[in-house]
file my_file-v9.cif (mmCIF, C-alpha atoms)
data_start
#
loop_
_atom_site.label_atom_id
_atom_site.label_comp_id
_atom_site.auth_asym_id
_atom_site.auth_seq_id
_atom_site.Cartn_x
_atom_site.Cartn_y
_atom_site.Cartn_z
CA MET Y 12 150.75 -51.42 164.10
CA GLY Y 13 152.66 -50.83 167.38
CA ASP Y 14 153.65 -47.29 168.32
CA SER Y 15 152.46 -44.89 165.69
CA ARG Y 16 152.34 -41.16 165.11
CA VAL Y 17 150.27 -38.95 162.89
CA ALA Y 18 152.49 -37.40 160.22
CA PHE Y 19 149.76 -35.09 159.00
CA ASP Y 20 146.03 -34.64 159.38
CA LEU Y 21 144.39 -32.38 156.81
CA GLN Y 22 140.91 -31.34 155.86
CA ILE Y 23 140.47 -30.08 152.29
CA PRO Y 24 137.47 -28.83 150.33
CA SER Y 25 136.01 -31.55 148.12
CA ASP Y 26 137.66 -30.27 144.95
CA ILE Y 27 140.07 -32.11 142.67
CA GLU Y 28 142.26 -29.01 142.44
CA TYR Y 29 143.55 -29.81 145.94
CA ILE Y 30 144.74 -33.32 145.11
CA GLU Y 31 148.18 -32.49 143.77
CA GLY Y 32 149.16 -30.43 146.82
CA VAL Y 33 148.17 -33.21 149.23
CA VAL Y 34 150.02 -35.79 147.15
CA GLU Y 35 153.13 -33.60 147.12
CA LEU Y 36 153.04 -33.35 150.92
CA ALA Y 37 152.63 -37.13 151.24
CA THR Y 38 155.50 -37.71 148.84
CA GLN Y 39 157.76 -35.46 150.90
CA ARG Y 40 156.98 -37.51 154.02
CA CYS Y 41 157.82 -40.68 152.12
CA ARG Y 42 161.18 -39.30 151.11
CA GLU Y 43 161.87 -38.31 154.73
CA LEU Y 44 161.11 -41.91 155.73
CA LYS Y 45 163.59 -43.04 153.09
CA LEU Y 46 161.10 -45.23 151.29
CA SER Y 47 162.35 -46.48 147.94
CA PRO Y 48 162.30 -43.97 145.07
CA ALA Y 49 159.60 -45.94 143.22
CA LYS Y 50 157.35 -45.93 146.29
CA CYS Y 51 157.76 -42.16 146.54
CA SER Y 52 157.37 -41.39 142.86
CA LEU Y 53 154.84 -44.02 141.76
CA ASN Y 54 153.07 -46.13 144.38
CA ILE Y 55 152.09 -43.43 146.83
CA PRO Y 56 151.35 -40.57 144.43
CA VAL Y 57 149.16 -42.70 142.17
CA ALA Y 58 147.37 -44.65 144.93
CA LEU Y 59 146.70 -41.51 146.95
CA THR Y 60 145.51 -39.59 143.88
CA GLU Y 61 143.07 -42.42 143.19
CA ALA Y 62 141.78 -42.47 146.77
CA LEU Y 63 141.35 -38.69 146.83
CA SER Y 64 139.64 -38.47 143.46
CA ASN Y 65 137.30 -41.32 144.45
CA ALA Y 66 136.46 -39.50 147.67
CA ILE Y 67 135.81 -36.19 145.91
CA LEU Y 68 134.05 -37.36 142.75
CA ARG Y 69 132.27 -40.52 143.94
CA GLY Y 70 132.11 -40.42 147.74
CA ASN Y 71 131.15 -36.76 148.01
CA GLY Y 72 129.64 -36.78 144.52
CA ALA Y 73 131.48 -33.61 143.44
CA THR Y 74 129.03 -31.68 145.62
CA GLY Y 75 130.16 -28.27 146.80
CA GLY Y 76 130.50 -27.61 150.52
CA LYS Y 77 131.74 -31.07 151.43
CA GLN Y 78 135.15 -31.94 152.83
CA VAL Y 79 137.72 -34.68 152.56
CA ARG Y 80 140.01 -35.57 155.46
CA ILE Y 81 143.43 -37.14 154.92
CA ARG Y 82 145.55 -38.59 157.70
CA ALA Y 83 149.00 -40.11 157.35
CA ILE Y 84 150.05 -42.41 160.17
CA ILE Y 85 153.56 -43.76 160.53
CA SER Y 86 154.65 -46.73 162.61
CA ASP Y 87 157.82 -48.79 162.65
CA THR Y 88 156.28 -51.23 160.23
CA ASP Y 89 153.76 -49.30 158.13
CA LEU Y 90 152.86 -46.08 156.44
CA VAL Y 91 149.09 -45.64 156.42
CA PHE Y 92 146.93 -43.08 154.64
CA GLU Y 93 143.28 -42.68 155.58
CA VAL Y 94 141.03 -40.75 153.23
CA VAL Y 95 137.62 -39.90 154.67
CA ASP Y 96 134.68 -38.59 152.67
CA GLU Y 97 131.03 -37.89 153.47
CA GLY Y 98 129.61 -40.54 151.15
CA PRO Y 99 127.83 -43.80 151.92
CA GLY Y 100 130.91 -45.94 151.41
CA PHE Y 101 131.61 -48.89 149.17
CA ASP Y 102 133.02 -52.40 149.23
CA VAL Y 103 136.55 -52.38 147.86
CA ASP Y 104 136.43 -56.05 146.87
CA GLU Y 105 133.09 -55.76 145.09
CA CYS Y 106 134.01 -52.61 143.24
CA THR Y 107 137.48 -53.59 142.02
CA VAL Y 108 137.52 -54.50 138.35
CA ASP Y 109 140.34 -56.41 136.70
CA CYS Y 110 141.16 -53.91 134.00
CA THR Y 111 143.68 -56.23 132.34
CA THR Y 112 141.18 -58.69 130.86
CA ASP Y 113 140.50 -58.51 127.12
CA GLU Y 114 137.00 -57.11 127.60
CA ASN Y 115 138.15 -54.42 130.06
CA LEU Y 116 141.45 -53.41 128.51
CA THR Y 117 139.94 -50.72 126.28
CA ARG Y 118 137.59 -49.30 128.91
CA GLU Y 119 138.19 -45.65 129.63
CA GLU Y 120 137.32 -45.95 133.33
CA GLY Y 121 137.57 -48.49 136.11
CA ARG Y 122 141.33 -48.65 136.75
CA GLY Y 123 141.40 -46.64 139.99
CA LEU Y 124 140.76 -49.31 142.62
CA PHE Y 125 142.74 -51.84 140.62
CA LEU Y 126 145.76 -49.53 140.66
CA MET Y 127 145.40 -48.76 144.37
CA ARG Y 128 145.45 -52.47 145.14
CA GLN Y 129 148.40 -53.13 142.87
CA LEU Y 130 150.44 -50.29 144.29
CA MET Y 131 149.72 -50.60 148.02
CA ASP Y 132 150.15 -53.59 150.33
CA ARG Y 133 146.59 -53.31 151.67
CA VAL Y 134 143.48 -51.33 150.74
CA GLU Y 135 140.47 -51.32 153.08
CA SER Y 136 137.21 -49.44 153.24
CA PHE Y 137 135.02 -49.03 156.33
CA ARG Y 138 132.66 -46.64 158.12
CA ASP Y 139 133.93 -44.45 160.95
CA LYS Y 140 132.48 -40.93 161.09
CA GLY Y 141 132.35 -41.06 157.31
CA ASN Y 142 133.54 -43.42 154.65
CA VAL Y 143 137.19 -44.29 155.21
CA VAL Y 144 139.56 -45.73 152.63
CA ARG Y 145 142.76 -46.89 154.29
CA LEU Y 146 145.89 -47.46 152.23
CA THR Y 147 148.73 -49.35 153.91
CA LEU Y 148 152.28 -49.66 152.68
CA HIS Y 149 154.74 -51.77 154.65
CA ARG Y 150 158.00 -50.06 155.49
CA PRO Y 151 161.20 -51.92 154.64
CA MET Q 4 151.52 -29.06 134.86
CA SER Q 5 151.00 -28.13 131.25
CA PHE Q 6 150.80 -29.49 127.75
CA SER Q 7 152.64 -28.10 124.78
CA ILE Q 8 151.82 -29.00 121.23
CA LYS Q 9 154.03 -28.62 118.19
CA LYS Q 10 154.26 -30.11 114.75
CA GLN Q 11 157.28 -32.16 113.68
CA GLY Q 12 156.85 -32.95 110.01
CA ASP Q 13 153.34 -34.32 109.72
CA VAL Q 14 153.21 -35.50 113.35
CA VAL Q 15 151.51 -33.56 116.14
CA VAL Q 16 153.79 -33.90 119.18
CA VAL Q 17 152.36 -33.30 122.63
CA ASP Q 18 154.67 -32.87 125.63
CA VAL Q 19 153.12 -33.59 129.02
CA GLU Q 20 154.89 -31.56 131.69
CA GLY Q 21 154.11 -32.56 135.28
CA GLN Q 22 151.32 -34.97 136.11
CA LEU Q 23 148.54 -36.30 133.92
CA ILE Q 24 145.74 -36.72 136.42
CA VAL Q 25 142.07 -36.17 137.08
CA GLY Q 26 142.53 -32.40 137.39
CA ASN Q 27 144.02 -31.79 133.94
CA ARG Q 28 143.16 -34.77 131.74
CA GLN Q 29 140.31 -32.90 130.01
CA GLU Q 30 142.74 -30.19 128.91
CA LEU Q 31 144.94 -32.76 127.18
CA LYS Q 32 141.93 -34.45 125.62
CA GLN Q 33 140.57 -31.19 124.25
CA LYS Q 34 143.92 -30.08 122.82
CA VAL Q 35 144.35 -33.35 120.94
CA LEU Q 36 140.73 -33.43 119.77
CA ASP Q 37 141.08 -29.88 118.45
CA GLU Q 38 144.04 -31.00 116.33
CA LEU Q 39 142.13 -34.08 115.18
CA GLU Q 40 139.24 -31.86 114.12
CA LYS Q 41 141.64 -29.76 112.06
CA GLY Q 42 142.45 -32.92 110.09
CA GLU Q 43 145.68 -34.04 111.79
CA LYS Q 44 146.15 -37.82 111.72
CA LYS Q 45 149.48 -38.62 113.38
CA PHE Q 46 149.92 -37.98 117.09
CA LEU Q 47 152.81 -38.57 119.44
CA ILE Q 48 152.57 -37.98 123.19
CA ASP Q 49 156.00 -37.55 124.78
CA PHE Q 50 156.24 -38.28 128.51
CA SER Q 51 159.88 -37.32 129.06
CA GLN Q 52 158.83 -34.49 131.39
CA THR Q 53 155.97 -36.33 133.08
CA GLY Q 54 155.82 -37.24 136.77
CA TYR Q 55 152.97 -39.68 137.26
CA ILE Q 56 149.70 -40.61 135.59
CA ASP Q 57 146.56 -41.70 137.39
CA SER Q 58 143.72 -43.92 136.18
CA SER Q 59 141.81 -41.03 134.65
CA GLY Q 60 144.94 -39.96 132.75
CA LEU Q 61 145.31 -43.51 131.45
CA GLY Q 62 141.61 -43.46 130.55
CA VAL Q 63 142.07 -40.32 128.48
CA LEU Q 64 144.91 -41.95 126.54
CA VAL Q 65 142.68 -44.95 125.80
CA SER Q 66 139.85 -42.64 124.75
CA LEU Q 67 142.10 -40.56 122.48
CA SER Q 68 143.57 -43.67 120.93
CA LYS Q 69 140.06 -44.85 119.99
CA LYS Q 70 138.97 -41.48 118.62
CA ILE Q 71 142.13 -41.02 116.57
CA ARG Q 72 141.83 -44.53 115.14
CA GLU Q 73 138.18 -43.91 114.25
CA GLN Q 74 139.38 -40.97 112.12
CA GLY Q 75 141.98 -43.13 110.41
CA GLY Q 76 144.86 -41.77 112.46
CA GLU Q 77 147.48 -43.13 114.83
CA LEU Q 78 148.54 -42.32 118.39
CA ARG Q 79 151.97 -43.30 119.65
CA LEU Q 80 153.70 -42.76 122.97
CA ALA Q 81 157.35 -42.11 123.80
CA ASN Q 82 159.77 -41.70 126.69
CA LEU Q 83 158.01 -43.53 129.50
CA ASN Q 84 160.26 -43.50 132.57
CA ASP Q 85 160.55 -46.64 134.73
CA ASP Q 86 157.57 -45.68 136.90
CA LEU Q 87 155.33 -45.02 133.92
CA GLN Q 88 156.50 -48.20 132.23
CA THR Q 89 155.50 -50.09 135.40
CA LEU Q 90 152.10 -48.41 135.35
CA PHE Q 91 151.49 -49.40 131.74
CA GLU Q 92 152.62 -52.96 132.45
CA LEU Q 93 150.40 -53.29 135.56
CA THR Q 94 147.37 -52.23 133.55
CA LYS Q 95 148.54 -54.09 130.41
CA LEU Q 96 148.18 -50.87 128.47
CA ASP Q 97 151.68 -51.52 127.16
CA THR Q 98 149.95 -54.07 124.91
CA LEU Q 99 147.46 -51.52 123.61
CA PHE Q 100 149.83 -48.70 122.66
CA GLN Q 101 152.86 -48.51 120.45
CA ILE Q 102 155.53 -47.15 122.79
CA SER Q 103 159.03 -45.98 121.81
CA ASP Q 104 162.01 -45.24 124.07
CA THR Q 105 162.77 -41.96 122.33
CA ARG Q 106 160.92 -39.26 120.47
CA GLU Q 107 163.12 -39.82 117.41
CA ARG Q 108 162.31 -43.53 117.23
CA ALA Q 109 158.62 -42.78 117.66
CA LEU Q 110 158.70 -40.21 114.86
CA GLU Q 111 160.50 -42.63 112.57
CA SER Q 112 157.91 -45.33 113.29
CA PHE Q 113 155.01 -43.49 111.63
#

call {"tool": "encode", "arguments": {"input": "my_file-v9.cif", "output": "structure tokens"}}
result
Amino acid sequence: MGDSRVAFDLQIPSDIEYIEGVVELATQRCRELKLSPAKCSLNIPVALTEALSNAILRGNGATGGKQVRIRAIISDTDLVFEVVDEGPGFDVDECTVDCTTDENLTREEGRGLFLMRQLMDRVESFRDKGNVVRLTLHRP
Amino acid sequence: MSFSIKKQGDVVVVDVEGQLIVGNRQELKQKVLDELEKGEKKFLIDFSQTGYIDSSGLGVLVSLSKKIREQGGELRLANLNDDLQTLFELTKLDTLFQISDTRERALESF
């Protein structure tokens, strides 16, 4: 990624009420980086909301007392968000469902990972002092 | 973020102000289900004041659409901005819902 800097590094209680504030902060950073309006108003808010809600509701299992960490890292080429929860982790490839097939179209759930992967350039999941989901968006 | 409900003719119109996401989707669901329970059949959700929608917000729309149809009613959507239109196209939900560009057109379509 070359030279990079941390734009923000936050720890929030594992509670969905905190999601919108974090997303707003991330969106502000995107505007400062002069990313395209759609990236700032659609790709990043939706993908980050999905990653945070997965971390809170699935990773941490909506259990009180847990935390979620969010880091934004900026380089010349990329904008990266890392969302870390205290859960056991999951395989992004295995868990992504194509929600556009006829049998899945009317499902009420299962669009989160699909959307993250559609809206970001790369989505990875790995273990590093917790379960990390890393969202990467290439800068123009 | 908030939801306001009003009646235009025989259509229940819901305005979604702000985001429709995991933190508030249940509120929207409950408000619409309450109206459905009262016997309302025609529903229009207007997104002209909406920022973004996440997967759980989309899921609630799918769920409401099913429940309304089961009661013999109809759910229509209006005023998706470019971002929301993209979201519906990515998930192919634009094929599942009847979507109008304006509230007026949506109301006329019932």

call {"tool": "resolve_selection", "arguments": {"input": "my_file-v9.cif", "expression": "the PyMOL selection byres ((chain Y) within 6 of (chain Q))", "output": "list in words"}}
result
Ile27, Leu53, Val57, Thr111, Glu119, Glu120, Arg122 and Gly123 of chain Y

call {"tool": "write_last_selection", "arguments": {"input": "my_file-v9.cif", "atoms": "C-alpha atoms", "output": "PDB file, keeping the file's coordinate frame"}}
result
ATOM      1  CA  ILE Y  27     140.070 -32.110 142.670  1.00  0.00           C
ATOM      2  CA  LEU Y  53     154.840 -44.020 141.760  1.00  0.00           C
ATOM      3  CA  VAL Y  57     149.160 -42.700 142.170  1.00  0.00           C
ATOM      4  CA  THR Y 111     143.680 -56.230 132.340  1.00  0.00           C
ATOM      5  CA  GLU Y 119     138.190 -45.650 129.630  1.00  0.00           C
ATOM      6  CA  GLU Y 120     137.320 -45.950 133.330  1.00  0.00           C
ATOM      7  CA  ARG Y 122     141.330 -48.650 136.750  1.00  0.00           C
ATOM      8  CA  GLY Y 123     141.400 -46.640 139.990  1.00  0.00           C
TER       9      GLY Y 123
END

call {"tool": "resolve_selection", "arguments": {"input": "my_file-v9.cif", "expression": "the PyMOL selection byres ((chain Q and resi 83) around 7)", "output": "MDAnalysis selection string"}}
result
chainID Q and resid 50:51 81:82 84:85 87:88 104

call {"tool": "resolve_selection", "arguments": {"input": "my_file-v9.cif", "expression": "the PyMOL selection byres ((chain Y and resi 39) around 12)", "output": "list in words"}}
result
Ala18, Phe19, Gly32, Val33, Val34, Glu35, Leu36, Ala37, Thr38, Arg40, Cys41, Arg42, Glu43, Leu44, Lys45, Leu46, Pro48, Lys50, Cys51, Ser52, Ile55, Pro56 and Ala83 of chain Y

call {"tool": "closest_residue", "arguments": {"input": "my_file-v9.cif", "among": "Y:Ser25, Y:Ser86, Y:Thr117, Y:Thr107", "to": "Leu68 in chain Y", "atoms": "all atoms listed in the file"}}
result
Y:Ser25

call {"tool": "closest_residue", "arguments": {"input": "my_file-v9.cif", "among": "Y:Thr88, Y:Gln78, Y:Thr60, Y:Asn65", "to": "Ser15 in chain Y", "atoms": "all atoms listed in the file"}}
result
Y:Thr88

call {"tool": "atom_distance", "arguments": {"input": "my_file-v9.cif", "atom1": "CA of Glu77 in chain Q", "atom2": "CA of Gly21 in chain Q"}}
result
24.0 Å

call {"tool": "residues_around", "arguments": {"input": "my_file-v9.cif", "residues": "range 6-19 of chain Q", "least_positions_apart": "2", "cutoff": "7 Å", "atoms": "only C-alpha atoms", "output": "list in words"}}
result
Gly21, Leu31, Lys45, Phe46, Leu47, Ile48, Asp49, Phe50, Gln52 and Thr53 of chain Q

call {"tool": "write_last_selection", "arguments": {"input": "my_file-v9.cif", "atoms": "C-alpha atoms", "output": "PDB file, keeping the file's coordinate frame"}}
result
ATOM      1  CA  GLY Q  21     154.110 -32.560 135.280  1.00  0.00           C
ATOM      2  CA  LEU Q  31     144.940 -32.760 127.180  1.00  0.00           C
ATOM      3  CA  LYS Q  45     149.480 -38.620 113.380  1.00  0.00           C
ATOM      4  CA  PHE Q  46     149.920 -37.980 117.090  1.00  0.00           C
ATOM      5  CA  LEU Q  47     152.810 -38.570 119.440  1.00  0.00           C
ATOM      6  CA  ILE Q  48     152.570 -37.980 123.190  1.00  0.00           C
ATOM      7  CA  ASP Q  49     156.000 -37.550 124.780  1.00  0.00           C
ATOM      8  CA  PHE Q  50     156.240 -38.280 128.510  1.00  0.00           C
ATOM      9  CA  GLN Q  52     158.830 -34.490 131.390  1.00  0.00           C
ATOM     10  CA  THR Q  53     155.970 -36.330 133.080  1.00  0.00           C
TER      11      THR Q  53
END

call {"tool": "residues_near_point", "arguments": {"input": "my_file-v9.cif", "point": "(136.7, -52.1, 156.5)", "cutoff": "12 Å", "atoms": "all atoms listed in the file", "output": "PyMOL selection string"}}
result
chain Y and resi 93+100-104+133-139+141-146

call {"tool": "closest_residue", "arguments": {"input": "my_file-v9.cif", "among": "Q:Arg79, Q:Val35, Q:Lys44, Q:Phe91", "to": "Glu111 in chain Q", "atoms": "all atoms listed in the file"}}
result
Q:Arg79

call {"tool": "atom_distance", "arguments": {"input": "my_file-v9.cif", "atom1": "CA of Asp20 in chain Y", "atom2": "CA of Gly121 in chain Y"}}
result
28.4 Å

call {"tool": "residues_around", "arguments": {"input": "my_file-v9.cif", "residues": "Ile85 in chain Y", "least_positions_apart": "6", "cutoff": "9 Å", "atoms": "only C-alpha atoms", "output": "number ranges by chain"}}
result
Y: 12, 14-18, 91-92

call {"tool": "residues_around", "arguments": {"input": "my_file-v9.cif", "residues": "Ala66 in chain Y", "least_positions_apart": "4", "cutoff": "9 Å", "atoms": "all atoms listed in the file", "output": "ChimeraX atom specification"}}
result
/Y:25,61-62,70-73,79,94-98,142-144

call {"tool": "closest_residue", "arguments": {"input": "my_file-v9.cif", "among": "Q:Ser112, Q:Gln33, Q:Ser103, Q:Ser5", "to": "Leu80 in chain Q", "atoms": "only C-alpha atoms"}}
result
Q:Ser103

call {"tool": "atom_distance", "arguments": {"input": "my_file-v9.cif", "atom1": "CA of Leu36 in chain Q", "atom2": "CA of Arg72 in chain Q"}}
result
12.1 Å

call {"tool": "build_atoms", "arguments": {"input": "my_file-v9.cif", "residues": "range 39-72 of chain Q", "atoms": "N, CA and C atoms", "output": "PDB file, in the coordinates of the input"}}
result
ATOM      1  N   LEU Q  39     142.774 -33.028 115.981  1.00  0.00           N
ATOM      2  CA  LEU Q  39     142.130 -34.080 115.180  1.00  0.00           C
ATOM      3  C   LEU Q  39     141.045 -33.465 114.294  1.00  0.00           C
ATOM      4  N   GLU Q  40     140.318 -32.523 114.869  1.00  0.00           N
ATOM      5  CA  GLU Q  40     139.240 -31.860 114.120  1.00  0.00           C
ATOM      6  C   GLU Q  40     139.791 -31.046 112.957  1.00  0.00           C
ATOM      7  N   LYS Q  41     141.015 -30.545 113.151  1.00  0.00           N
ATOM      8  CA  LYS Q  41     141.640 -29.760 112.060  1.00  0.00           C
ATOM      9  C   LYS Q  41     142.124 -30.669 110.936  1.00  0.00           C
ATOM     10  N   GLY Q  42     142.059 -31.981 111.145  1.00  0.00           N
ATOM     11  CA  GLY Q  42     142.450 -32.920 110.090  1.00  0.00           C
ATOM     12  C   GLY Q  42     143.771 -33.629 110.344  1.00  0.00           C
ATOM     13  N   GLU Q  43     144.411 -33.357 111.483  1.00  0.00           N
ATOM     14  CA  GLU Q  43     145.680 -34.040 111.790  1.00  0.00           C
ATOM     15  C   GLU Q  43     145.404 -35.524 112.030  1.00  0.00           C
ATOM     16  N   LYS Q  44     146.366 -36.363 111.617  1.00  0.00           N
ATOM     17  CA  LYS Q  44     146.150 -37.820 111.720  1.00  0.00           C
ATOM     18  C   LYS Q  44     147.196 -38.519 112.582  1.00  0.00           C
ATOM     19  N   LYS Q  45     148.393 -37.940 112.666  1.00  0.00           N
ATOM     20  CA  LYS Q  45     149.480 -38.620 113.380  1.00  0.00           C
ATOM     21  C   LYS Q  45     149.783 -37.865 114.671  1.00  0.00           C
ATOM     22  N   PHE Q  46     149.727 -38.599 115.779  1.00  0.00           N
ATOM     23  CA  PHE Q  46     149.920 -37.980 117.090  1.00  0.00           C
ATOM     24  C   PHE Q  46     150.963 -38.743 117.896  1.00  0.00           C
ATOM     25  N   LEU Q  47     151.829 -37.978 118.539  1.00  0.00           N
ATOM     26  CA  LEU Q  47     152.810 -38.570 119.440  1.00  0.00           C
ATOM     27  C   LEU Q  47     152.730 -37.839 120.775  1.00  0.00           C
ATOM     28  N   ILE Q  48     152.537 -38.589 121.854  1.00  0.00           N
ATOM     29  CA  ILE Q  48     152.570 -37.980 123.190  1.00  0.00           C
ATOM     30  C   ILE Q  48     153.898 -38.372 123.834  1.00  0.00           C
ATOM     31  N   ASP Q  49     154.669 -37.351 124.221  1.00  0.00           N
ATOM     32  CA  ASP Q  49     156.000 -37.550 124.780  1.00  0.00           C
ATOM     33  C   ASP Q  49     155.925 -37.323 126.295  1.00  0.00           C
ATOM     34  N   PHE Q  50     156.357 -38.343 127.053  1.00  0.00           N
ATOM     35  CA  PHE Q  50     156.240 -38.280 128.510  1.00  0.00           C
ATOM     36  C   PHE Q  50     157.584 -38.021 129.201  1.00  0.00           C
ATOM     37  N   SER Q  51     158.548 -37.484 128.453  1.00  0.00           N
ATOM     38  CA  SER Q  51     159.880 -37.320 129.060  1.00  0.00           C
ATOM     39  C   SER Q  51     159.866 -36.345 130.231  1.00  0.00           C
ATOM     40  N   GLN Q  52     158.876 -35.466 130.284  1.00  0.00           N
ATOM     41  CA  GLN Q  52     158.830 -34.490 131.390  1.00  0.00           C
ATOM     42  C   GLN Q  52     157.637 -34.753 132.318  1.00  0.00           C
ATOM     43  N   THR Q  53     157.174 -36.002 132.313  1.00  0.00           N
ATOM     44  CA  THR Q  53     155.970 -36.330 133.080  1.00  0.00           C
ATOM     45  C   THR Q  53     156.339 -36.998 134.408  1.00  0.00           C
ATOM     46  N   GLY Q  54     155.611 -36.626 135.459  1.00  0.00           N
ATOM     47  CA  GLY Q  54     155.820 -37.240 136.770  1.00  0.00           C
ATOM     48  C   GLY Q  54     155.055 -38.551 136.855  1.00  0.00           C
ATOM     49  N   TYR Q  55     153.773 -38.472 137.185  1.00  0.00           N
ATOM     50  CA  TYR Q  55     152.970 -39.680 137.260  1.00  0.00           C
ATOM     51  C   TYR Q  55     151.639 -39.488 136.540  1.00  0.00           C
ATOM     52  N   ILE Q  56     150.992 -40.607 136.278  1.00  0.00           N
ATOM     53  CA  ILE Q  56     149.700 -40.610 135.590  1.00  0.00           C
ATOM     54  C   ILE Q  56     148.736 -41.409 136.439  1.00  0.00           C
ATOM     55  N   ASP Q  57     147.532 -40.914 136.621  1.00  0.00           N
ATOM     56  CA  ASP Q  57     146.560 -41.700 137.390  1.00  0.00           C
ATOM     57  C   ASP Q  57     145.603 -42.420 136.432  1.00  0.00           C
ATOM     58  N   SER Q  58     144.609 -43.095 137.020  1.00  0.00           N
ATOM     59  CA  SER Q  58     143.720 -43.920 136.180  1.00  0.00           C
ATOM     60  C   SER Q  58     142.931 -43.071 135.196  1.00  0.00           C
ATOM     61  N   SER Q  59     142.596 -41.848 135.591  1.00  0.00           N
ATOM     62  CA  SER Q  59     141.810 -41.030 134.650  1.00  0.00           C
ATOM     63  C   SER Q  59     142.708 -40.530 133.522  1.00  0.00           C
ATOM     64  N   GLY Q  60     143.991 -40.313 133.804  1.00  0.00           N
ATOM     65  CA  GLY Q  60     144.940 -39.960 132.750  1.00  0.00           C
ATOM     66  C   GLY Q  60     145.103 -41.116 131.774  1.00  0.00           C
ATOM     67  N   LEU Q  61     145.213 -42.329 132.314  1.00  0.00           N
ATOM     68  CA  LEU Q  61     145.310 -43.510 131.450  1.00  0.00           C
ATOM     69  C   LEU Q  61     144.042 -43.640 130.608  1.00  0.00           C
ATOM     70  N   GLY Q  62     142.893 -43.372 131.249  1.00  0.00           N
ATOM     71  CA  GLY Q  62     141.610 -43.460 130.550  1.00  0.00           C
ATOM     72  C   GLY Q  62     141.535 -42.493 129.380  1.00  0.00           C
ATOM     73  N   VAL Q  63     142.082 -41.306 129.567  1.00  0.00           N
ATOM     74  CA  VAL Q  63     142.070 -40.320 128.480  1.00  0.00           C
ATOM     75  C   VAL Q  63     142.934 -40.802 127.314  1.00  0.00           C
ATOM     76  N   LEU Q  64     144.055 -41.430 127.624  1.00  0.00           N
ATOM     77  CA  LEU Q  64     144.910 -41.950 126.540  1.00  0.00           C
ATOM     78  C   LEU Q  64     144.171 -43.030 125.751  1.00  0.00           C
ATOM     79  N   VAL Q  65     143.453 -43.901 126.470  1.00  0.00           N
ATOM     80  CA  VAL Q  65     142.680 -44.950 125.800  1.00  0.00           C
ATOM     81  C   VAL Q  65     141.594 -44.311 124.923  1.00  0.00           C
ATOM     82  N   SER Q  66     140.925 -43.318 125.478  1.00  0.00           N
ATOM     83  CA  SER Q  66     139.850 -42.640 124.750  1.00  0.00           C
ATOM     84  C   SER Q  66     140.395 -41.954 123.495  1.00  0.00           C
ATOM     85  N   LEU Q  67     141.518 -41.250 123.639  1.00  0.00           N
ATOM     86  CA  LEU Q  67     142.100 -40.560 122.480  1.00  0.00           C
ATOM     87  C   LEU Q  67     142.539 -41.543 121.417  1.00  0.00           C
ATOM     88  N   SER Q  68     143.117 -42.648 121.874  1.00  0.00           N
ATOM     89  CA  SER Q  68     143.570 -43.670 120.930  1.00  0.00           C
ATOM     90  C   SER Q  68     142.399 -44.149 120.066  1.00  0.00           C
ATOM     91  N   LYS Q  69     141.260 -44.394 120.724  1.00  0.00           N
ATOM     92  CA  LYS Q  69     140.060 -44.850 119.990  1.00  0.00           C
ATOM     93  C   LYS Q  69     139.604 -43.801 118.991  1.00  0.00           C
ATOM     94  N   LYS Q  70     139.506 -42.549 119.478  1.00  0.00           N
ATOM     95  CA  LYS Q  70     138.970 -41.480 118.620  1.00  0.00           C
ATOM     96  C   LYS Q  70     139.879 -41.220 117.425  1.00  0.00           C
ATOM     97  N   ILE Q  71     141.178 -41.261 117.661  1.00  0.00           N
ATOM     98  CA  ILE Q  71     142.130 -41.020 116.570  1.00  0.00           C
ATOM     99  C   ILE Q  71     142.037 -42.151 115.545  1.00  0.00           C
ATOM    100  N   ARG Q  72     141.939 -43.380 116.056  1.00  0.00           N
ATOM    101  CA  ARG Q  72     141.830 -44.530 115.140  1.00  0.00           C
ATOM    102  C   ARG Q  72     140.545 -44.460 114.312  1.00  0.00           C
TER     103      ARG Q  72
END
